[in-house]
Protein chains: 2
Amino acid sequence: MSILTRPILEINLNNLLDNYRTLHQMSEKSIAAAVVKDDAYGLNAVEVAKKLYTEAKCRHFFVAHGIEGERIRPAVPDADIYVLQGIGEDSLESFQKCRLIPVISSPDQLEFWKQNRIKGIRPIINIETGLNRLGFREHDLEQLSSEDKKEFSFVMSHLACGDAKEHFMNEHQLTTFNRLKEKFFPHLPASLSASDGTFLGSDFQKDMVRLGAAMYGINTAPYRENQMKNVVTVKAPVLQTAALPKGEFVGYSATYRANSNRKIAIVSIGYGDGIPRSLSNIGKLFFNVCGKLHEARILGRLSMDNIICDVTEIDNLRVGDMAYVIFDDYTLDDMGRDAGTISYEILSRIGKNTRYIRTYK
Amino acid sequence: MSILTRPILEINLNNLLDNYRTLHQMSEKSIAAAVVKDDAYGLNAVEVAKKLYTEAKCRHFFVAHGIEGERIRPAVPDADIYVLQGIGEDSLESFQKCRLIPVISSPDQLEFWKQNRIKGIRPIINIETGLNRLGFREHDLEQLSSEDKKEFSFVMSHLACGDAKEHFMNEHQLTTFNRLKEKFFPHLPASLSASDGTFLGSDFQKDMVRLGAAMYGINTAPYRENQMKNVVTVKAPVLQTAALPKGEFVGYSATYRANSNRKIAIVSIGYGDGIPRSLSNIGKLFFNVCGKLHEARILGRLSMDNIICDVTEIDNLRVGDMAYVIFDDYTLDDMGRDAGTISYEILSRIGKNTRYIRTYK
């Protein structure tokens, strides 16, 4: 028996690299840019960018904010770093110091860029094709002078429903993108797809794909089996096991009541480690005991530091044994589904917490 | 007009200090310990602990993990730091180096402690009274020798339903706690309540209260008006405004469709900054335009970096204007309710994200 208290986060950078290569092979005519925004979805953008730069010769990275570009610049000294939220007064210094490339999404942004150009840098122009998020609308594009159009190195847009193969929006956005590109930027290279669009075939891949979620192991094409390798493993030790007598309650607000005598385990992880509280009374943990994988239902509400689960049927479980919280057989996608959200949100939460014993493979 | 891209997080430590003092006055016969686990619920445990130590002479702090105690030790050099998850092989060094005080919750933990005692340190014993989480059960207590009982400096437990004044569990847990304390530790000082129990009156306050959530501004006694001051303000700039023509969709999976012509604003914050994705199509942002506060409904799904909201009725809104996301008039509690969770979970997420321009007042 071991007495352990801390949860463990293992990030498999080799699997991440394999995923990047698999996606790159699917779109081999395109540049394969890596999306490392949101601190590489919480996994540490510096580690991820360094791995892709040194071992896959990736030279194109997307971040959301200038400050994120600044943080990865030392790891990818001569790469192109594109900044999706664009350039502003609060990020100008990062752009200048680190030679970041803004994605320009509106006439206001373009105006700011023209007043603050960085020599040798040519932005991407982002055009709106149906997501109704950031991007030039057609009437904005019509206002661009021919000089304005020469500012740009790439034209991009973003799909709303790329994870649903047959969704009408995909064809609609593709048609709109092709039409606007031809009309306004016939000579520019183009980028339309993130991970999900990459699975939609060569029409959607264009000159550059922007690989994020799938690279981190998420199934961005859920209409078929996941072909990505798992990147994230979360484990946490059993602090205590106890009898739960019939009639007793578990956790805050007493939302679980035992209808028979049960055995419970208290596991040292909670929403303070990024595990969503919406798994209360719904989610499950797993134990590998004597070479067999057992499922243990979560009882009551998750608390900040602990999860209580039902281990009545698991013999020989001991204090210090590890509960598997996220792993090859219960992935981010599985947890997202059980928690009523998407794996992207789970992933974005997990890695930002500072109580994990963290290892990179 | 300003061109801005980054969200802003303001943490009002003066309000936090006022909240601590208010709670301390409510329980003036008790030691007022500050709970700064989970990096002070994401607000930075070092900053919070330093403030309470220097300005309120707080000398008792609770963390969850040894590593958290180690991080705050330099800020509170001679304070008592209690560690709720207890001591283990993976945290022993932190305990030894920083003279942390374990909360011992099981016979296994006690055994480990007896083999790894730290001279001059006397643990707290945590007893189970109805939450069915960590803690000695009565049959465990019966096994303790009289020597064992002398190890401890305090006896504690934790309430399951302290935020519901009339809940039968409160009386049940109080009675159980008093009985077990009398039976096993008649001479030890006692701690039963976190913030919520502190509001239940002097019977629940005992010799030490453990002040966490309420100190951070959360209403832990929701059966009455919140008497705490707001500690957390989150703002984010408008990146772009645009027309949303009738019939068009907004965001991923096209979950919002405009039934009339609308005007939208794209705001530079998302779930990658800790704003729960469950606010999709439900939540709201606020704008202070020309001295008047306007509400703007969130349209479609939140994405990682952006929230789209309906600003049709807001005249004179400009790019660079700040959306209020969490503030005095839409607090963590309000967002928790709209997001289908509790403010504790929101708070625990927000401050861990690294794209905020962060200020401490």
# chains A, B, ... in the order shown; residues from 1 in each chain; ligands from 1

call {"tool": "residues_around", "arguments": {"residues": "segment 283-287 of chain B", "least_positions_apart": "2", "cutoff": "8 Å", "atoms": "only C-alpha atoms", "output": "VMD selection string"}}
result
chain B and resid 279 to 281 289 292 to 298 309 321 to 325 335 338 to 339

call {"tool": "write_last_selection", "arguments": {"atoms": "C-alpha atoms", "output": "PDB file, in the first residue's frame"}}
result
ATOM      1  CA  LEU B 279     -23.704  29.639 -21.215  1.00  0.00           C
ATOM      2  CA  SER B 280     -24.203  29.067 -24.955  1.00  0.00           C
ATOM      3  CA  ASN B 281     -27.517  30.643 -26.063  1.00  0.00           C
ATOM      4  CA  VAL B 289     -22.684  52.758 -23.035  1.00  0.00           C
ATOM      5  CA  LYS B 292     -26.345  53.175 -19.085  1.00  0.00           C
ATOM      6  CA  LEU B 293     -25.963  49.450 -18.494  1.00  0.00           C
ATOM      7  CA  HIS B 294     -27.226  47.258 -21.343  1.00  0.00           C
ATOM      8  CA  GLU B 295     -27.741  43.514 -21.388  1.00  0.00           C
ATOM      9  CA  ALA B 296     -26.641  41.530 -24.456  1.00  0.00           C
ATOM     10  CA  ARG B 297     -27.773  37.947 -24.866  1.00  0.00           C
ATOM     11  CA  ILE B 298     -25.159  35.375 -25.885  1.00  0.00           C
ATOM     12  CA  CYS B 309     -23.797  38.514 -28.417  1.00  0.00           C
ATOM     13  CA  ASP B 321     -15.745  48.927 -25.865  1.00  0.00           C
ATOM     14  CA  MET B 322     -15.575  46.572 -22.918  1.00  0.00           C
ATOM     15  CA  ALA B 323     -18.113  43.841 -22.319  1.00  0.00           C
ATOM     16  CA  TYR B 324     -18.633  43.205 -18.617  1.00  0.00           C
ATOM     17  CA  VAL B 325     -18.587  39.444 -18.134  1.00  0.00           C
ATOM     18  CA  MET B 335     -23.069  33.252 -13.817  1.00  0.00           C
ATOM     19  CA  ASP B 338     -27.090  30.698 -15.622  1.00  0.00           C
ATOM     20  CA  ALA B 339     -24.422  28.118 -16.438  1.00  0.00           C
TER      21      ALA B 339
END

call {"tool": "residues_around", "arguments": {"residues": "segment 263-274 of chain B", "least_positions_apart": "4", "cutoff": "8 Å", "atoms": "only C-alpha atoms", "output": "ChimeraX atom specification"}}
result
/A:38,41,85,133-134,345,348-349 /B:5-7,236-244,302-312,323,346,349-356

call {"tool": "select_by_dssp", "arguments": {"residues": "segment 9-163 of chain B", "states": "helix (DSSP H, G or I)", "output": "VMD selection string"}}
result
chain B and resid 13 to 26 37 to 41 45 to 55 66 to 75 92 to 98 107 to 115 138 to 142 146 to 149

call {"tool": "residues_around", "arguments": {"residues": "segment 186-188 of chain A", "least_positions_apart": "5", "cutoff": "7 Å", "atoms": "only C-alpha atoms", "output": "NGL selection string"}}
result
:A and (153-155 or 181)

call {"tool": "interface_residues", "arguments": {"of": "chain A", "to": "chain B", "cutoff": "6 Å", "atoms": "only C-alpha atoms", "output": "list in words"}}
result
Ile3, Leu4, Thr5, Asp38, Gly88, Glu89, Asp90, Leu131, Asn132, Ala160, Cys161, Val250, Gly251, Tyr252, Ser253 and Gly272 of chain A

call {"tool": "select_by_dssp", "arguments": {"residues": "segment 102-346 of chain B", "states": "strand (DSSP E or B)", "output": "PDB file with C-alpha atoms, in the first residue's frame"}}
result
ATOM      1  CA  PRO B 102      -1.470  17.498   7.912  1.00  0.00           C
ATOM      2  CA  VAL B 103      -5.165  16.886   8.334  1.00  0.00           C
ATOM      3  CA  ILE B 104      -5.289  13.152   9.093  1.00  0.00           C
ATOM      4  CA  ILE B 124      -5.656  17.865  12.893  1.00  0.00           C
ATOM      5  CA  ILE B 125      -7.881  14.804  12.978  1.00  0.00           C
ATOM      6  CA  ASN B 126     -10.789  14.897  10.526  1.00  0.00           C
ATOM      7  CA  ILE B 127     -13.866  12.912  11.519  1.00  0.00           C
ATOM      8  CA  PHE B 136     -12.370   8.798  10.486  1.00  0.00           C
ATOM      9  CA  PHE B 154      -7.575  19.898  16.669  1.00  0.00           C
ATOM     10  CA  VAL B 155     -10.608  17.840  15.717  1.00  0.00           C
ATOM     11  CA  MET B 156     -12.528  18.853  12.613  1.00  0.00           C
ATOM     12  CA  ALA B 190     -12.794  21.895  17.363  1.00  0.00           C
ATOM     13  CA  SER B 191     -13.547  23.108  13.849  1.00  0.00           C
ATOM     14  CA  ALA B 194     -16.392  26.477   6.377  1.00  0.00           C
ATOM     15  CA  MET B 208     -11.990  27.715  14.358  1.00  0.00           C
ATOM     16  CA  VAL B 209     -13.897  28.554  11.171  1.00  0.00           C
ATOM     17  CA  ARG B 210     -12.379  27.896   7.750  1.00  0.00           C
ATOM     18  CA  LEU B 211     -13.200  30.841   5.502  1.00  0.00           C
ATOM     19  CA  VAL B 232     -13.714  39.362  -9.229  1.00  0.00           C
ATOM     20  CA  THR B 233     -14.306  41.511 -12.307  1.00  0.00           C
ATOM     21  CA  VAL B 234     -13.878  40.127 -15.821  1.00  0.00           C
ATOM     22  CA  LYS B 235     -14.084  42.326 -18.904  1.00  0.00           C
ATOM     23  CA  ALA B 236     -13.303  41.751 -22.564  1.00  0.00           C
ATOM     24  CA  PRO B 237     -13.158  44.037 -25.588  1.00  0.00           C
ATOM     25  CA  VAL B 238     -15.453  44.062 -28.592  1.00  0.00           C
ATOM     26  CA  LEU B 239     -13.331  43.000 -31.563  1.00  0.00           C
ATOM     27  CA  GLN B 240     -15.937  43.570 -34.221  1.00  0.00           C
ATOM     28  CA  THR B 241     -19.599  44.447 -34.689  1.00  0.00           C
ATOM     29  CA  ALA B 242     -21.594  43.226 -37.665  1.00  0.00           C
ATOM     30  CA  ALA B 243     -25.067  42.912 -39.109  1.00  0.00           C
ATOM     31  CA  LEU B 244     -26.636  39.486 -38.734  1.00  0.00           C
ATOM     32  CA  PHE B 249     -26.828  31.176 -38.187  1.00  0.00           C
ATOM     33  CA  VAL B 250     -24.350  31.932 -35.440  1.00  0.00           C
ATOM     34  CA  TYR B 256     -28.769  30.025 -33.204  1.00  0.00           C
ATOM     35  CA  ARG B 257     -30.742  31.252 -36.197  1.00  0.00           C
ATOM     36  CA  ARG B 262     -29.937  41.625 -35.768  1.00  0.00           C
ATOM     37  CA  LYS B 263     -26.709  43.370 -34.861  1.00  0.00           C
ATOM     38  CA  ILE B 264     -23.997  41.300 -33.183  1.00  0.00           C
ATOM     39  CA  ALA B 265     -20.763  41.989 -31.338  1.00  0.00           C
ATOM     40  CA  ILE B 266     -17.849  39.555 -31.229  1.00  0.00           C
ATOM     41  CA  VAL B 267     -16.188  39.755 -27.829  1.00  0.00           C
ATOM     42  CA  LYS B 284     -25.459  37.372 -21.190  1.00  0.00           C
ATOM     43  CA  LEU B 285     -22.821  40.060 -21.333  1.00  0.00           C
ATOM     44  CA  PHE B 286     -23.222  43.681 -20.305  1.00  0.00           C
ATOM     45  CA  PHE B 287     -22.162  46.993 -21.816  1.00  0.00           C
ATOM     46  CA  ASN B 288     -21.929  50.360 -20.192  1.00  0.00           C
ATOM     47  CA  VAL B 289     -22.684  52.758 -23.035  1.00  0.00           C
ATOM     48  CA  LYS B 292     -26.345  53.175 -19.085  1.00  0.00           C
ATOM     49  CA  LEU B 293     -25.963  49.450 -18.494  1.00  0.00           C
ATOM     50  CA  HIS B 294     -27.226  47.258 -21.343  1.00  0.00           C
ATOM     51  CA  GLU B 295     -27.741  43.514 -21.388  1.00  0.00           C
ATOM     52  CA  ALA B 296     -26.641  41.530 -24.456  1.00  0.00           C
ATOM     53  CA  ARG B 297     -27.773  37.947 -24.866  1.00  0.00           C
ATOM     54  CA  ILE B 298     -25.159  35.375 -25.885  1.00  0.00           C
ATOM     55  CA  ILE B 307     -18.370  35.060 -27.502  1.00  0.00           C
ATOM     56  CA  ILE B 308     -20.967  36.454 -29.883  1.00  0.00           C
ATOM     57  CA  CYS B 309     -23.797  38.514 -28.417  1.00  0.00           C
ATOM     58  CA  ASP B 310     -26.872  40.379 -29.572  1.00  0.00           C
ATOM     59  CA  MET B 322     -15.575  46.572 -22.918  1.00  0.00           C
ATOM     60  CA  ALA B 323     -18.113  43.841 -22.319  1.00  0.00           C
ATOM     61  CA  TYR B 324     -18.633  43.205 -18.617  1.00  0.00           C
ATOM     62  CA  VAL B 325     -18.587  39.444 -18.134  1.00  0.00           C
ATOM     63  CA  ILE B 326     -18.433  39.204 -14.313  1.00  0.00           C
ATOM     64  CA  PHE B 327     -18.830  42.283 -12.125  1.00  0.00           C
ATOM     65  CA  TYR B 330     -23.536  40.082 -12.562  1.00  0.00           C
TER      66      TYR B 330
END

call {"tool": "residues_around", "arguments": {"residues": "segment 197-204 of chain B", "least_positions_apart": "5", "cutoff": "12 Å", "atoms": "only C-alpha atoms", "output": "PDB file with N, CA and C atoms, in the first residue's frame"}}
result
ATOM      1  N   TYR B  20     -13.220  38.976   4.648  1.00  0.00           N
ATOM      2  CA  TYR B  20     -12.589  38.197   5.723  1.00  0.00           C
ATOM      3  C   TYR B  20     -12.918  38.815   7.081  1.00  0.00           C
ATOM      4  N   THR B  22     -15.445  40.818   7.875  1.00  0.00           N
ATOM      5  CA  THR B  22     -16.874  40.672   8.169  1.00  0.00           C
ATOM      6  C   THR B  22     -17.170  39.275   8.726  1.00  0.00           C
ATOM      7  N   LEU B  23     -16.598  38.280   8.080  1.00  0.00           N
ATOM      8  CA  LEU B  23     -16.823  36.900   8.525  1.00  0.00           C
ATOM      9  C   LEU B  23     -16.193  36.657   9.894  1.00  0.00           C
ATOM     10  N   HIS B  24     -15.053  37.260  10.094  1.00  0.00           N
ATOM     11  CA  HIS B  24     -14.359  37.120  11.381  1.00  0.00           C
ATOM     12  C   HIS B  24     -15.192  37.753  12.504  1.00  0.00           C
ATOM     13  N   GLN B  25     -15.814  38.901  12.214  1.00  0.00           N
ATOM     14  CA  GLN B  25     -16.681  39.552  13.214  1.00  0.00           C
ATOM     15  C   GLN B  25     -17.892  38.696  13.552  1.00  0.00           C
ATOM     16  N   MET B  26     -18.410  37.985  12.534  1.00  0.00           N
ATOM     17  CA  MET B  26     -19.563  37.107  12.756  1.00  0.00           C
ATOM     18  C   MET B  26     -19.217  35.946  13.680  1.00  0.00           C
ATOM     19  N   SER B  27     -17.954  35.626  13.757  1.00  0.00           N
ATOM     20  CA  SER B  27     -17.517  34.451  14.522  1.00  0.00           C
ATOM     21  C   SER B  27     -16.341  34.855  15.401  1.00  0.00           C
ATOM     22  N   GLU B  28     -16.541  35.927  16.176  1.00  0.00           N
ATOM     23  CA  GLU B  28     -15.392  36.583  16.805  1.00  0.00           C
ATOM     24  C   GLU B  28     -14.726  35.751  17.895  1.00  0.00           C
ATOM     25  N   LYS B  29     -15.436  34.745  18.403  1.00  0.00           N
ATOM     26  CA  LYS B  29     -14.791  33.900  19.413  1.00  0.00           C
ATOM     27  C   LYS B  29     -13.905  32.817  18.783  1.00  0.00           C
ATOM     28  N   SER B  30     -14.018  32.661  17.474  1.00  0.00           N
ATOM     29  CA  SER B  30     -13.276  31.592  16.788  1.00  0.00           C
ATOM     30  C   SER B  30     -12.038  32.142  16.096  1.00  0.00           C
ATOM     31  N   ILE B  31     -11.080  31.262  15.917  1.00  0.00           N
ATOM     32  CA  ILE B  31      -9.983  31.558  15.007  1.00  0.00           C
ATOM     33  C   ILE B  31     -10.560  31.622  13.603  1.00  0.00           C
ATOM     34  N   ALA B  32     -10.158  32.644  12.846  1.00  0.00           N
ATOM     35  CA  ALA B  32     -10.631  32.755  11.462  1.00  0.00           C
ATOM     36  C   ALA B  32      -9.515  32.318  10.529  1.00  0.00           C
ATOM     37  N   ALA B  33      -9.564  31.043  10.149  1.00  0.00           N
ATOM     38  CA  ALA B  33      -8.572  30.520   9.207  1.00  0.00           C
ATOM     39  C   ALA B  33      -9.001  30.847   7.778  1.00  0.00           C
ATOM     40  N   MET B 156     -11.677  18.139  13.566  1.00  0.00           N
ATOM     41  CA  MET B 156     -12.528  18.853  12.613  1.00  0.00           C
ATOM     42  C   MET B 156     -13.472  17.907  11.887  1.00  0.00           C
ATOM     43  N   SER B 157     -14.525  18.509  11.280  1.00  0.00           N
ATOM     44  CA  SER B 157     -15.371  17.807  10.330  1.00  0.00           C
ATOM     45  C   SER B 157     -15.862  18.835   9.321  1.00  0.00           C
ATOM     46  N   HIS B 158     -16.756  18.419   8.420  1.00  0.00           N
ATOM     47  CA  HIS B 158     -17.160  19.307   7.330  1.00  0.00           C
ATOM     48  C   HIS B 158     -18.633  19.078   7.009  1.00  0.00           C
ATOM     49  N   LEU B 159     -19.377  20.169   6.811  1.00  0.00           N
ATOM     50  CA  LEU B 159     -20.817  20.077   6.574  1.00  0.00           C
ATOM     51  C   LEU B 159     -21.143  19.781   5.118  1.00  0.00           C
ATOM     52  N   ALA B 160     -22.220  19.029   4.903  1.00  0.00           N
ATOM     53  CA  ALA B 160     -22.668  18.698   3.547  1.00  0.00           C
ATOM     54  C   ALA B 160     -23.648  19.738   3.006  1.00  0.00           C
ATOM     55  N   CYS B 161     -24.436  20.333   3.896  1.00  0.00           N
ATOM     56  CA  CYS B 161     -25.559  21.161   3.445  1.00  0.00           C
ATOM     57  C   CYS B 161     -25.600  22.497   4.186  1.00  0.00           C
ATOM     58  N   GLY B 162     -24.434  23.022   4.505  1.00  0.00           N
ATOM     59  CA  GLY B 162     -24.351  24.257   5.283  1.00  0.00           C
ATOM     60  C   GLY B 162     -24.942  25.463   4.582  1.00  0.00           C
ATOM     61  N   ASP B 163     -25.123  25.380   3.270  1.00  0.00           N
ATOM     62  CA  ASP B 163     -25.700  26.520   2.541  1.00  0.00           C
ATOM     63  C   ASP B 163     -27.229  26.505   2.557  1.00  0.00           C
ATOM     64  N   ALA B 164     -27.833  25.495   3.220  1.00  0.00           N
ATOM     65  CA  ALA B 164     -29.296  25.402   3.302  1.00  0.00           C
ATOM     66  C   ALA B 164     -29.669  25.417   4.783  1.00  0.00           C
ATOM     67  N   LYS B 165     -30.082  26.579   5.262  1.00  0.00           N
ATOM     68  CA  LYS B 165     -30.223  26.810   6.702  1.00  0.00           C
ATOM     69  C   LYS B 165     -31.071  25.763   7.406  1.00  0.00           C
ATOM     70  N   GLU B 166     -32.155  25.369   6.767  1.00  0.00           N
ATOM     71  CA  GLU B 166     -33.109  24.489   7.450  1.00  0.00           C
ATOM     72  C   GLU B 166     -32.880  23.010   7.146  1.00  0.00           C
ATOM     73  N   HIS B 167     -31.825  22.689   6.435  1.00  0.00           N
ATOM     74  CA  HIS B 167     -31.618  21.281   6.034  1.00  0.00           C
ATOM     75  C   HIS B 167     -31.362  20.407   7.268  1.00  0.00           C
ATOM     76  N   MET B 169     -29.678  17.890   7.636  1.00  0.00           N
ATOM     77  CA  MET B 169     -28.313  17.398   7.773  1.00  0.00           C
ATOM     78  C   MET B 169     -27.477  18.263   8.717  1.00  0.00           C
ATOM     79  N   ASN B 170     -27.774  19.558   8.778  1.00  0.00           N
ATOM     80  CA  ASN B 170     -26.963  20.435   9.625  1.00  0.00           C
ATOM     81  C   ASN B 170     -27.074  20.028  11.095  1.00  0.00           C
ATOM     82  N   GLU B 171     -28.292  19.873  11.540  1.00  0.00           N
ATOM     83  CA  GLU B 171     -28.518  19.469  12.927  1.00  0.00           C
ATOM     84  C   GLU B 171     -27.941  18.075  13.178  1.00  0.00           C
ATOM     85  N   HIS B 172     -28.157  17.192  12.219  1.00  0.00           N
ATOM     86  CA  HIS B 172     -27.640  15.826  12.317  1.00  0.00           C
ATOM     87  C   HIS B 172     -26.115  15.826  12.439  1.00  0.00           C
ATOM     88  N   GLN B 173     -25.451  16.606  11.585  1.00  0.00           N
ATOM     89  CA  GLN B 173     -23.989  16.610  11.621  1.00  0.00           C
ATOM     90  C   GLN B 173     -23.465  17.280  12.894  1.00  0.00           C
ATOM     91  N   LEU B 174     -24.145  18.345  13.324  1.00  0.00           N
ATOM     92  CA  LEU B 174     -23.732  19.033  14.556  1.00  0.00           C
ATOM     93  C   LEU B 174     -23.821  18.088  15.756  1.00  0.00           C
ATOM     94  N   THR B 175     -24.938  17.382  15.856  1.00  0.00           N
ATOM     95  CA  THR B 175     -25.137  16.443  16.963  1.00  0.00           C
ATOM     96  C   THR B 175     -24.092  15.330  16.934  1.00  0.00           C
ATOM     97  N   PHE B 177     -21.163  15.411  15.475  1.00  0.00           N
ATOM     98  CA  PHE B 177     -19.843  15.972  15.756  1.00  0.00           C
ATOM     99  C   PHE B 177     -19.638  16.164  17.264  1.00  0.00           C
ATOM    100  N   ASN B 178     -20.634  16.776  17.890  1.00  0.00           N
ATOM    101  CA  ASN B 178     -20.515  17.028  19.332  1.00  0.00           C
ATOM    102  C   ASN B 178     -20.371  15.718  20.123  1.00  0.00           C
ATOM    103  N   ALA B 190     -12.025  22.492  18.457  1.00  0.00           N
ATOM    104  CA  ALA B 190     -12.794  21.895  17.363  1.00  0.00           C
ATOM    105  C   ALA B 190     -13.056  22.877  16.236  1.00  0.00           C
ATOM    106  N   SER B 191     -13.184  22.315  15.028  1.00  0.00           N
ATOM    107  CA  SER B 191     -13.547  23.108  13.849  1.00  0.00           C
ATOM    108  C   SER B 191     -14.543  22.317  13.026  1.00  0.00           C
ATOM    109  N   LEU B 192     -15.703  22.901  12.776  1.00  0.00           N
ATOM    110  CA  LEU B 192     -16.733  22.194  12.022  1.00  0.00           C
ATOM    111  C   LEU B 192     -17.090  22.887  10.716  1.00  0.00           C
ATOM    112  N   VAL B 209     -13.143  28.653  12.426  1.00  0.00           N
ATOM    113  CA  VAL B 209     -13.897  28.554  11.171  1.00  0.00           C
ATOM    114  C   VAL B 209     -12.899  28.621  10.015  1.00  0.00           C
ATOM    115  N   ARG B 210     -13.276  28.004   8.906  1.00  0.00           N
ATOM    116  CA  ARG B 210     -12.379  27.896   7.750  1.00  0.00           C
ATOM    117  C   ARG B 210     -13.012  28.676   6.597  1.00  0.00           C
ATOM    118  N   LEU B 211     -12.540  29.893   6.397  1.00  0.00           N
ATOM    119  CA  LEU B 211     -13.200  30.841   5.502  1.00  0.00           C
ATOM    120  C   LEU B 211     -12.626  30.765   4.102  1.00  0.00           C
ATOM    121  N   GLY B 212     -13.454  30.335   3.151  1.00  0.00           N
ATOM    122  CA  GLY B 212     -13.015  30.247   1.762  1.00  0.00           C
ATOM    123  C   GLY B 212     -13.972  31.002   0.858  1.00  0.00           C
ATOM    124  N   ALA B 213     -14.959  30.289   0.327  1.00  0.00           N
ATOM    125  CA  ALA B 213     -15.835  30.821  -0.710  1.00  0.00           C
ATOM    126  C   ALA B 213     -16.381  32.216  -0.406  1.00  0.00           C
ATOM    127  N   ALA B 214     -16.908  32.419   0.803  1.00  0.00           N
ATOM    128  CA  ALA B 214     -17.517  33.718   1.111  1.00  0.00           C
ATOM    129  C   ALA B 214     -16.481  34.837   1.070  1.00  0.00           C
ATOM    130  N   MET B 215     -15.279  34.527   1.495  1.00  0.00           N
ATOM    131  CA  MET B 215     -14.198  35.505   1.449  1.00  0.00           C
ATOM    132  C   MET B 215     -13.949  35.981   0.018  1.00  0.00           C
ATOM    133  N   ASN B 219     -21.881  33.972  -2.371  1.00  0.00           N
ATOM    134  CA  ASN B 219     -22.937  33.905  -1.371  1.00  0.00           C
ATOM    135  C   ASN B 219     -23.107  32.459  -0.915  1.00  0.00           C
ATOM    136  N   THR B 220     -22.536  32.143   0.241  1.00  0.00           N
ATOM    137  CA  THR B 220     -22.616  30.774   0.758  1.00  0.00           C
ATOM    138  C   THR B 220     -23.840  30.588   1.649  1.00  0.00           C
ATOM    139  N   ALA B 221     -24.630  31.647   1.793  1.00  0.00           N
ATOM    140  CA  ALA B 221     -25.885  31.572   2.550  1.00  0.00           C
ATOM    141  C   ALA B 221     -26.990  32.110   1.640  1.00  0.00           C
ATOM    142  N   PRO B 222     -27.298  31.376   0.560  1.00  0.00           N
ATOM    143  CA  PRO B 222     -28.159  31.925  -0.498  1.00  0.00           C
ATOM    144  C   PRO B 222     -29.611  32.115  -0.089  1.00  0.00           C
ATOM    145  N   TYR B 223     -29.944  31.713   1.149  1.00  0.00           N
ATOM    146  CA  TYR B 223     -31.297  31.974   1.656  1.00  0.00           C
ATOM    147  C   TYR B 223     -31.441  33.412   2.111  1.00  0.00           C
ATOM    148  N   ARG B 224     -30.354  34.191   2.030  1.00  0.00           N
ATOM    149  CA  ARG B 224     -30.463  35.619   2.318  1.00  0.00           C
ATOM    150  C   ARG B 224     -29.564  36.387   1.372  1.00  0.00           C
ATOM    151  N   ASN B 226     -26.710  38.440  -0.347  1.00  0.00           N
ATOM    152  CA  ASN B 226     -25.264  38.341  -0.174  1.00  0.00           C
ATOM    153  C   ASN B 226     -24.735  39.555   0.581  1.00  0.00           C
ATOM    154  N   GLN B 227     -23.990  39.280   1.642  1.00  0.00           N
ATOM    155  CA  GLN B 227     -23.393  40.389   2.386  1.00  0.00           C
ATOM    156  C   GLN B 227     -21.905  40.555   2.100  1.00  0.00           C
ATOM    157  N   MET B 228     -21.424  39.778   1.180  1.00  0.00           N
ATOM    158  CA  MET B 228     -20.021  39.872   0.812  1.00  0.00           C
ATOM    159  C   MET B 228     -19.842  40.870  -0.332  1.00  0.00           C
TER     160      MET B 228
END

call {"tool": "atom_distance", "arguments": {"atom1": "atom CA of Val46 of chain A", "atom2": "atom CA of Gly217 of chain A"}}
result
18.2 Å

call {"tool": "atom_distance", "arguments": {"atom1": "atom CA of Phe152 of chain B", "atom2": "atom CA of Thr129 of chain B"}}
result
18.2 Å
